[in-house]
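The data block below is input26.cif; it holds mmCIF, C-alpha atoms.
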```cif
data_coords
#
loop_
_atom_site.label_atom_id
_atom_site.label_comp_id
_atom_site.auth_asym_id
_atom_site.auth_seq_id
_atom_site.Cartn_x
_atom_site.Cartn_y
_atom_site.Cartn_z
CA MET E 635 -192.50 -72.05 22.41
CA SER E 636 -192.81 -72.94 18.72
CA ASN E 637 -195.74 -74.78 17.20
CA PHE E 638 -193.48 -77.79 16.67
CA GLU E 639 -192.50 -77.83 20.35
CA SER E 640 -196.14 -77.49 21.40
CA LYS E 641 -197.12 -80.41 19.19
CA ASP E 642 -194.27 -82.57 20.52
CA THR E 643 -195.29 -81.80 24.10
CA ALA E 644 -198.94 -82.59 23.38
CA ASP E 645 -198.04 -85.84 21.62
CA SER E 646 -195.80 -86.86 24.51
CA GLN E 647 -198.51 -86.11 27.08
CA GLU E 648 -201.05 -88.06 25.07
CA LYS E 649 -198.73 -91.06 24.90
CA ILE E 650 -198.16 -90.90 28.67
CA THR E 651 -201.90 -90.79 29.34
CA GLU E 652 -202.59 -93.67 26.95
CA GLN E 653 -199.83 -95.71 28.58
CA ALA E 654 -201.26 -95.18 32.06
CA ARG E 655 -204.81 -95.90 30.88
CA ALA E 656 -203.70 -99.14 29.25
CA ILE E 657 -202.11 -100.35 32.49
CA LEU E 658 -205.13 -99.27 34.56
CA SER E 659 -207.48 -101.07 32.19
CA LEU E 660 -205.49 -104.27 32.62
CA LEU E 661 -205.41 -103.76 36.38
CA GLN E 662 -209.19 -103.52 36.61
CA LYS E 663 -209.34 -107.07 35.24
CA ALA E 664 -206.35 -108.50 37.10
CA ILE E 665 -207.29 -107.07 40.51
CA THR E 666 -210.14 -109.57 40.95
CA ASP E 667 -207.59 -112.36 41.50
CA MET E 668 -205.45 -110.42 43.99
CA HIS E 669 -205.72 -110.88 47.74
CA HIS E 670 -202.69 -109.00 49.07
CA ILE E 671 -201.10 -105.69 48.14
CA ASP E 672 -197.82 -107.46 47.36
CA GLU E 673 -199.56 -109.28 44.51
CA LEU E 674 -200.48 -105.89 43.08
CA PHE E 675 -196.90 -104.64 43.49
CA GLN E 676 -195.58 -107.70 41.66
CA TRP E 677 -198.10 -107.23 38.86
CA LEU E 678 -197.41 -103.49 38.61
CA ALA E 679 -193.65 -103.99 38.40
CA ALA E 680 -194.13 -106.48 35.56
CA GLN E 681 -196.35 -104.00 33.71
CA LEU E 682 -193.74 -101.26 34.09
CA ILE E 683 -191.18 -103.60 32.55
CA GLU E 684 -193.52 -104.17 29.62
CA HIS E 685 -195.00 -100.73 29.03
CA CYS E 686 -192.10 -98.47 30.05
CA GLN E 687 -189.43 -100.60 28.35
CA ALA E 688 -187.61 -101.00 31.66
CA GLU E 689 -185.11 -103.77 32.30
CA VAL E 690 -185.60 -103.79 36.07
CA ALA E 691 -188.44 -102.51 38.27
CA GLU E 692 -188.13 -102.27 42.05
CA ILE E 693 -190.76 -101.19 44.56
CA TRP E 694 -189.49 -100.17 47.99
CA ALA E 695 -191.72 -99.36 50.94
CA LEU E 696 -191.54 -98.63 54.61
CA GLN E 697 -191.76 -101.39 57.17
CA ALA E 698 -192.35 -100.98 60.90
CA ASN E 699 -191.78 -103.26 63.84
CA MET E 700 -194.26 -103.41 66.70
CA THR E 701 -192.61 -100.45 68.44
CA GLY E 702 -193.17 -98.31 65.35
CA GLN E 703 -189.55 -98.00 64.24
CA LEU E 704 -189.43 -97.45 60.49
CA ALA E 705 -187.03 -98.98 57.99
CA LEU E 706 -186.89 -99.56 54.25
CA GLN E 707 -187.90 -102.83 52.65
CA LEU E 708 -187.61 -104.04 49.08
CA ARG E 709 -191.15 -105.29 48.47
CA THR E 710 -190.88 -106.24 44.80
CA LEU E 711 -188.09 -106.85 42.30
CA VAL E 712 -188.86 -107.81 38.70
CA THR E 713 -186.29 -108.16 35.94
CA ARG E 714 -186.82 -108.57 32.21
CA ASP E 715 -183.79 -110.86 32.05
CA THR E 716 -184.41 -113.61 34.59
CA THR E 717 -180.72 -114.57 34.54
CA LEU E 718 -179.65 -111.15 35.87
CA PRO E 719 -177.85 -111.73 39.21
CA GLN E 720 -180.01 -110.29 41.97
CA HIS E 721 -177.09 -108.71 43.80
CA VAL E 722 -176.57 -106.31 40.87
CA VAL E 723 -179.83 -104.49 41.65
CA ALA E 724 -180.44 -105.40 45.32
CA ASN E 725 -177.54 -104.16 47.39
CA ASN E 726 -176.42 -101.41 49.75
CA HIS E 727 -175.77 -98.92 46.94
CA ILE E 728 -179.30 -99.27 45.60
CA ALA E 729 -180.74 -99.05 49.11
CA GLU E 730 -178.77 -95.87 49.82
CA PHE E 731 -180.15 -94.29 46.66
CA THR E 732 -183.66 -95.33 47.68
CA THR E 733 -183.12 -93.83 51.12
CA ARG E 734 -182.22 -90.58 49.40
CA LEU E 735 -185.59 -90.56 47.64
CA PHE E 736 -187.38 -91.06 50.95
CA SER E 737 -185.29 -88.49 52.79
CA GLU E 738 -185.57 -85.82 50.10
CA GLN E 739 -189.15 -86.80 49.17
CA ARG E 740 -188.48 -86.13 45.52
CA HIS E 741 -188.24 -87.82 42.13
CA TYR E 742 -185.11 -88.41 40.09
CA PRO E 743 -185.87 -88.20 36.36
CA LEU E 744 -184.29 -90.74 34.05
CA GLN E 745 -180.55 -90.18 33.87
CA ALA E 746 -177.28 -92.06 33.49
CA VAL E 747 -176.42 -94.26 36.47
CA LYS E 748 -172.93 -92.73 36.59
CA ARG E 749 -174.54 -89.44 37.66
CA LEU E 750 -176.26 -90.98 40.68
CA PHE E 751 -173.94 -93.78 41.79
CA SER E 752 -170.26 -93.94 42.58
CA ASN E 753 -167.90 -95.56 40.11
CA TYR E 754 -168.10 -99.18 41.29
CA PRO E 755 -171.91 -99.63 41.41
CA ALA E 756 -172.34 -97.54 38.25
CA SER E 757 -169.85 -99.66 36.30
CA THR E 758 -171.47 -102.85 37.62
CA LEU E 759 -174.91 -101.70 36.49
CA SER E 760 -173.58 -100.65 33.08
CA ARG E 761 -171.83 -104.00 32.66
CA TYR E 762 -175.28 -105.60 32.73
CA GLY E 763 -176.78 -103.04 30.35
CA LEU E 764 -178.50 -101.00 33.07
CA ASN E 765 -177.28 -97.61 31.92
CA TYR E 766 -180.13 -95.36 33.05
CA VAL E 767 -182.25 -95.13 36.19
CA ALA E 768 -185.33 -93.20 37.26
CA GLY E 769 -186.55 -92.89 40.84
CA TYR E 770 -190.16 -92.09 41.72
CA TYR E 771 -191.29 -91.11 45.24
CA PHE E 772 -194.96 -91.54 46.14
CA HIS E 773 -196.69 -90.71 49.42
CA ASN E 774 -200.40 -90.96 50.16
CA THR E 775 -201.30 -89.01 53.29
CA VAL E 776 -204.46 -91.00 53.99
CA GLU E 777 -204.00 -94.68 53.18
CA ARG E 778 -202.02 -97.23 55.16
CA LEU E 779 -199.94 -100.11 53.83
CA SER E 780 -200.07 -103.56 55.42
CA PRO E 781 -196.86 -105.46 56.27
CA ALA E 782 -195.28 -107.57 53.54
CA ARG E 783 -197.01 -110.86 52.87
CA GLN E 784 -194.13 -112.93 54.23
CA THR E 785 -193.91 -110.96 57.51
CA PRO E 786 -194.43 -113.36 60.43
CA PRO E 787 -197.61 -112.57 62.38
CA GLY E 788 -197.13 -110.22 65.30
CA THR E 789 -193.86 -108.73 64.05
CA GLY E 790 -195.08 -105.86 61.86
CA ARG E 791 -197.71 -103.15 61.74
CA PRO E 792 -199.33 -100.93 59.08
CA VAL E 793 -197.27 -98.00 57.83
CA PRO E 794 -197.94 -94.84 55.82
CA PHE E 795 -198.47 -95.66 52.14
CA THR E 796 -195.11 -94.45 50.90
CA LEU E 797 -193.23 -96.01 48.00
CA ALA E 798 -190.05 -95.53 46.02
CA ILE E 799 -190.10 -97.07 42.56
CA LEU E 800 -186.84 -97.56 40.68
CA LEU E 801 -186.77 -98.27 36.95
CA PHE E 802 -183.55 -99.23 35.20
CA GLN E 803 -183.33 -98.95 31.42
CA HIS E 804 -180.81 -99.95 28.80
CA GLU E 805 -181.16 -96.72 26.84
CA ARG E 806 -182.91 -93.38 27.18
CA ARG E 807 -186.45 -93.44 25.82
CA SER E 808 -188.42 -90.66 24.21
CA HIS E 809 -190.22 -89.79 27.43
CA ASP E 810 -189.45 -90.14 31.12
CA PRO E 811 -191.34 -93.01 32.83
CA LEU E 812 -191.94 -90.80 35.88
CA ALA E 813 -194.65 -88.96 33.99
CA THR E 814 -196.52 -92.24 33.51
CA LEU E 815 -196.14 -93.09 37.20
CA GLN E 816 -197.53 -89.70 38.22
CA VAL E 817 -200.73 -90.51 36.34
CA LEU E 818 -200.77 -94.18 37.28
CA LEU E 819 -200.08 -94.38 41.02
CA PRO E 820 -203.00 -92.37 42.47
CA GLN E 821 -205.50 -94.42 40.46
CA THR E 822 -203.73 -97.65 41.38
CA VAL E 823 -204.10 -96.82 45.08
CA LEU E 824 -207.81 -96.14 44.59
CA ILE E 825 -208.31 -99.47 42.80
CA ALA E 826 -206.38 -101.27 45.55
CA LYS E 827 -208.53 -99.61 48.21
CA ASN E 828 -211.76 -100.59 46.46
CA ARG E 829 -210.50 -104.16 46.24
CA GLY E 830 -209.79 -104.17 49.99
CA LEU E 831 -206.01 -104.54 49.67
CA LEU E 832 -205.24 -101.61 51.95
CA VAL E 833 -205.52 -101.39 55.72
CA VAL E 834 -209.13 -100.55 56.53
CA ASP E 835 -208.92 -99.95 60.27
CA PRO E 836 -205.63 -98.33 61.34
CA ILE E 837 -206.96 -98.09 64.91
CA THR E 838 -205.98 -101.74 65.43
CA SER E 839 -202.35 -100.61 65.75
CA PRO E 840 -200.89 -97.64 67.63
CA PRO E 841 -201.05 -94.51 65.47
CA PHE E 842 -197.99 -92.83 64.05
CA SER E 843 -197.30 -89.30 65.12
CA PRO E 844 -198.41 -86.53 62.73
CA TYR E 845 -194.76 -85.93 61.87
CA GLU E 846 -194.26 -89.56 60.89
CA MET E 847 -197.41 -89.52 58.79
CA ALA E 848 -196.30 -86.39 56.97
CA THR E 849 -192.64 -87.29 56.48
CA PRO E 850 -192.11 -91.04 56.82
CA ILE E 851 -188.32 -91.22 56.70
CA PRO E 852 -186.72 -94.47 57.89
CA GLN E 853 -184.69 -94.13 61.07
CA HIS E 854 -182.15 -96.67 59.90
CA ASN E 855 -181.46 -98.42 56.67
CA PRO E 856 -181.10 -102.19 56.57
CA ALA E 857 -180.44 -102.36 52.85
CA LEU E 858 -181.61 -105.93 52.66
CA HIS E 859 -184.40 -107.81 54.33
CA LEU E 860 -184.60 -111.42 55.43
CA TRP E 861 -186.43 -112.77 52.40
CA ILE E 862 -183.76 -111.90 49.83
CA LEU E 863 -180.94 -113.36 51.92
CA ILE E 864 -179.53 -116.68 50.73
CA PRO E 865 -178.99 -119.58 53.16
CA HIS E 866 -175.81 -121.60 52.67
CA ARG E 867 -174.84 -124.84 54.34
CA ARG E 868 -171.76 -124.38 56.47
CA ARG E 869 -168.69 -125.64 54.67
CA GLU E 870 -167.64 -128.10 57.37
CA ASN E 871 -171.04 -129.80 57.12
CA GLU E 872 -170.71 -130.04 53.34
CA LEU E 873 -167.29 -131.67 53.72
CA LEU E 874 -168.70 -134.12 56.25
CA MET E 875 -171.53 -135.13 53.93
CA SER E 876 -169.22 -135.50 50.94
CA SER E 877 -167.08 -137.93 52.92
CA ASN E 878 -170.11 -139.78 54.28
CA PRO E 879 -173.12 -139.56 51.93
CA LEU E 880 -175.28 -141.56 54.36
CA SER E 881 -175.06 -138.70 56.86
CA ARG E 882 -176.95 -136.27 54.60
CA SER E 883 -179.33 -134.43 56.96
CA VAL E 884 -180.42 -137.65 58.72
CA ASP E 885 -179.02 -136.37 62.03
CA ILE E 886 -181.53 -133.49 62.03
CA ALA E 887 -184.33 -134.65 64.29
CA ASP E 888 -186.97 -132.17 63.11
CA LYS E 889 -188.62 -133.55 59.95
CA GLN E 890 -189.47 -130.11 58.54
CA ALA E 891 -185.95 -128.89 59.28
CA ARG E 892 -184.51 -131.85 57.35
CA ARG E 893 -186.67 -130.89 54.39
CA VAL E 894 -185.53 -127.26 54.53
CA TYR E 895 -181.89 -128.26 54.91
CA SER E 896 -182.13 -130.55 51.89
CA ALA E 897 -183.62 -127.70 49.82
CA ILE E 898 -180.81 -125.27 50.69
CA ASP E 899 -178.48 -125.10 47.70
CA GLY E 900 -176.71 -121.75 48.10
CA ARG E 901 -178.73 -120.24 45.25
CA LYS E 902 -182.31 -119.94 46.49
CA ASN E 903 -183.06 -116.97 48.72
CA MET E 904 -185.36 -117.25 51.71
CA ASP E 905 -188.44 -116.34 49.72
CA ALA E 906 -187.67 -118.96 47.06
CA LEU E 907 -186.99 -121.48 49.82
CA ARG E 908 -190.39 -120.69 51.35
CA ARG E 909 -192.10 -121.33 48.01
CA THR E 910 -190.09 -124.51 47.38
CA THR E 911 -190.88 -126.04 50.77
CA GLY E 912 -194.44 -124.73 50.98
CA LEU E 913 -193.88 -123.63 54.57
CA GLU E 914 -195.49 -120.64 56.21
CA ALA E 915 -193.13 -117.71 56.71
CA GLN E 916 -193.16 -117.99 60.49
CA GLU E 917 -192.33 -121.70 60.37
CA LEU E 918 -189.45 -121.16 57.95
CA VAL E 919 -188.06 -118.43 60.21
CA ARG E 920 -188.24 -120.83 63.18
CA ILE E 921 -186.42 -123.56 61.28
CA THR E 922 -183.79 -121.20 59.90
CA LYS E 923 -183.03 -119.91 63.40
CA MET E 924 -182.72 -123.49 64.61
CA LEU E 925 -180.36 -124.53 61.80
CA ILE E 926 -178.22 -121.45 62.43
CA ALA E 927 -178.12 -122.18 66.17
CA GLN E 928 -177.02 -125.74 65.34
CA ARG E 929 -174.22 -124.27 63.19
CA ARG E 930 -175.53 -125.98 60.07
CA VAL E 931 -176.50 -122.91 58.04
CA GLU E 932 -175.31 -119.35 57.44
CA LEU E 933 -177.05 -116.42 55.75
CA TYR E 934 -175.47 -114.39 52.96
CA GLU E 935 -176.35 -111.24 51.05
CA PRO E 936 -177.09 -111.76 47.33
CA GLY E 937 -173.63 -110.32 46.68
CA GLY E 938 -171.96 -113.05 48.73
CA LYS E 939 -171.29 -111.25 52.02
CA LEU E 940 -171.92 -113.16 55.24
CA VAL E 941 -174.48 -111.42 57.46
CA ASN E 942 -175.18 -111.50 61.17
CA PRO E 943 -178.52 -113.34 61.50
CA VAL E 944 -179.36 -111.37 64.64
CA ASP E 945 -179.93 -108.31 62.42
CA PHE E 946 -182.62 -110.08 60.37
CA LEU E 947 -184.23 -112.86 62.39
CA PRO E 948 -186.77 -111.76 65.03
#
```
Give the structure from the file, written as structure tokens.
Amino acid sequence: MSNFESKDTADSQEKITEQARAILSLLQKAITDMHHIDELFQWLAAQLIEHCQAEVAEIWALQANMTGQLALQLRTLVTRDTTLPQHVVANNHIAEFTTRLFSEQRHYPLQAVKRLFSNYPASTLSRYGLNYVAGYYFHNTVERLSPARQTPPGTGRPVPFTLAILLFQHERRSHDPLATLQVLLPQTVLIAKNRGLLVVDPITSPPFSPYEMATPIPQHNPALHLWILIPHRRRENELLMSSNPLSRSVDIADKQARRVYSAIDGRKNMDALRRTTGLEAQELVRITKMLIAQRRVELYEPGGKLVNPVDFLP
């Protein structure tokens, strides 16, 4: 290796270390206002957008039902451009790529999306300026991750602390963001643990087998989860209300259900609907199930595909 190459490598490593230290320094201050690990994930994704010049940052994790069956869950999605349609970066193709990271337990260094995705998803990503992607796999053999904040009580359990982080970029940068993540993630977990954001007593739930703890691969892959699905009013109800404006939701006996139904606009996903209405996750799930049973509402993927609610609602 020449002296020039050695200097370039040293400079690159120094920049990576400085980048990670800068984020960790900010985290030490921000962590005092965090009360759930999902708040840290949201904050971290935003920092990766800022410091790694990413356009989109996604954090995927395992989720487990009460029987211990594992699946993938998109825990955090942050975009630099807030007008970017969510279905472009939260869909089956992205989930399949994430599953590959979990199954192979490896990283994918920054490379053109056309090398990792088939023609249709690659061209869709490129159309929105997302030309490059990096995938980072992280597994901590000791710590446990609590269920997502919006998980209804009694429906989830702690899982091995295993993440897949996807970063989409417009153009290739001078260094791969995976190097920054390799420095950043172990320290981030330690800070989260000291703050009390990780599961302290895993004995409260049945333990995973040693194999699951060592290689936490999801048994099936629901690409989407409930909270990014978008409720739509059924078309026949919309036509009825347009012909009789006085009938708008007044025939819904449940007051909270009327409020939820009024807030459904075909654009807000379940998580946005929860924030808009101020309802607890479990209550919103109850109301959504009721409105679906009454044939007033349907659930759609961000890309516009109708889904079977049985697959998502407990």
Separation of atom CA of Gly830 of chain E from atom CA of His670 of chain E, in Å and rounded to one decimal:
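Atom-to-atom, atom CA of Gly830 of chain E to atom CA of His670 of chain E, that is 8.6 Å.
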Could you tell me how far atom CA of His773 of chain E lies from atom CA of Pro820 of chain E, in Å and to one decimal?
9.5 Å
Counting all atoms listed in the file, the residue of E:Gln916, E:Ser659, E:Thr796, E:Thr651 that sits nearest Gln707 of chain E:
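That would be E:Thr796, the residue with the smallest distance to Gln707 of chain E.
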8 Å contact set for Trp861 of chain E, all atoms listed in the file, chain neighbours under 2 positions out, as a ChimeraX atom specification:
/E:784,859,863,903-905
Just checking: using only C-alpha atoms, which residue out of E:Ile921, E:Pro719, E:Leu706, E:Glu914 ends up closest to Arg892 of chain E?
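Answer, going by the shortest atom-to-atom distance: E:Ile921.
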Box time for segment 802-819 of chain E: axis-aligned, enclosing all its listed atoms, 4 Å extra on each side; report centre and edge lengths in Å to one decimal, as lines of an AutoDock Vina configuration file.
```
center_x = -190.8
center_y = -94.5
center_z = 32.6
size_x = 28.0
size_y = 19.0
size_z = 24.8
```
Out of E:Glu935, E:Leu831, E:Asn699, E:Leu815, which residue has the shortest atom-to-atom distance to Leu658 of chain E when counting all atoms listed in the file?
E:Leu815
Nearest to Arg749 of chain E among E:Val767, E:Ile862, E:Leu940, E:Ile728, with distances taken over only C-alpha atoms: which residue is it?
E:Val767
Select, from E:Thr758, E:Ser896, E:Asn828, E:Gln647, the residue with the minimum atom-to-atom distance to Arg867 of chain E, counting all atoms listed in the file.
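Selected residue with least distance to Arg867 of chain E: E:Ser896.
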Within 7 Å of segment 708-715 of chain E, counting all atoms listed in the file, which residues qualify if same-chain residues fewer than 3 places away don't, as JSON, numbers by chain?
{"E": [675, 676, 679, 680, 683, 689, 690, 691, 692, 693, 694, 695, 718, 782]}
Can you spit out the residues from that selection as a JSON list (two decimals), keeping the file's coordinate frame, using C-alpha atoms?
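This went into selection36.json:
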```json
[["chain", "number", "residue", "atom", "x", "y", "z"],
["E", 675, "PHE", "CA", -196.90, -104.64, 43.49],
["E", 676, "GLN", "CA", -195.58, -107.70, 41.66],
["E", 679, "ALA", "CA", -193.65, -103.99, 38.40],
["E", 680, "ALA", "CA", -194.13, -106.48, 35.56],
["E", 683, "ILE", "CA", -191.18, -103.60, 32.55],
["E", 689, "GLU", "CA", -185.11, -103.77, 32.30],
["E", 690, "VAL", "CA", -185.60, -103.79, 36.07],
["E", 691, "ALA", "CA", -188.44, -102.51, 38.27],
["E", 692, "GLU", "CA", -188.13, -102.27, 42.05],
["E", 693, "ILE", "CA", -190.76, -101.19, 44.56],
["E", 694, "TRP", "CA", -189.49, -100.17, 47.99],
["E", 695, "ALA", "CA", -191.72, -99.36, 50.94],
["E", 718, "LEU", "CA", -179.65, -111.15, 35.87],
["E", 782, "ALA", "CA", -195.28, -107.57, 53.54]]
```
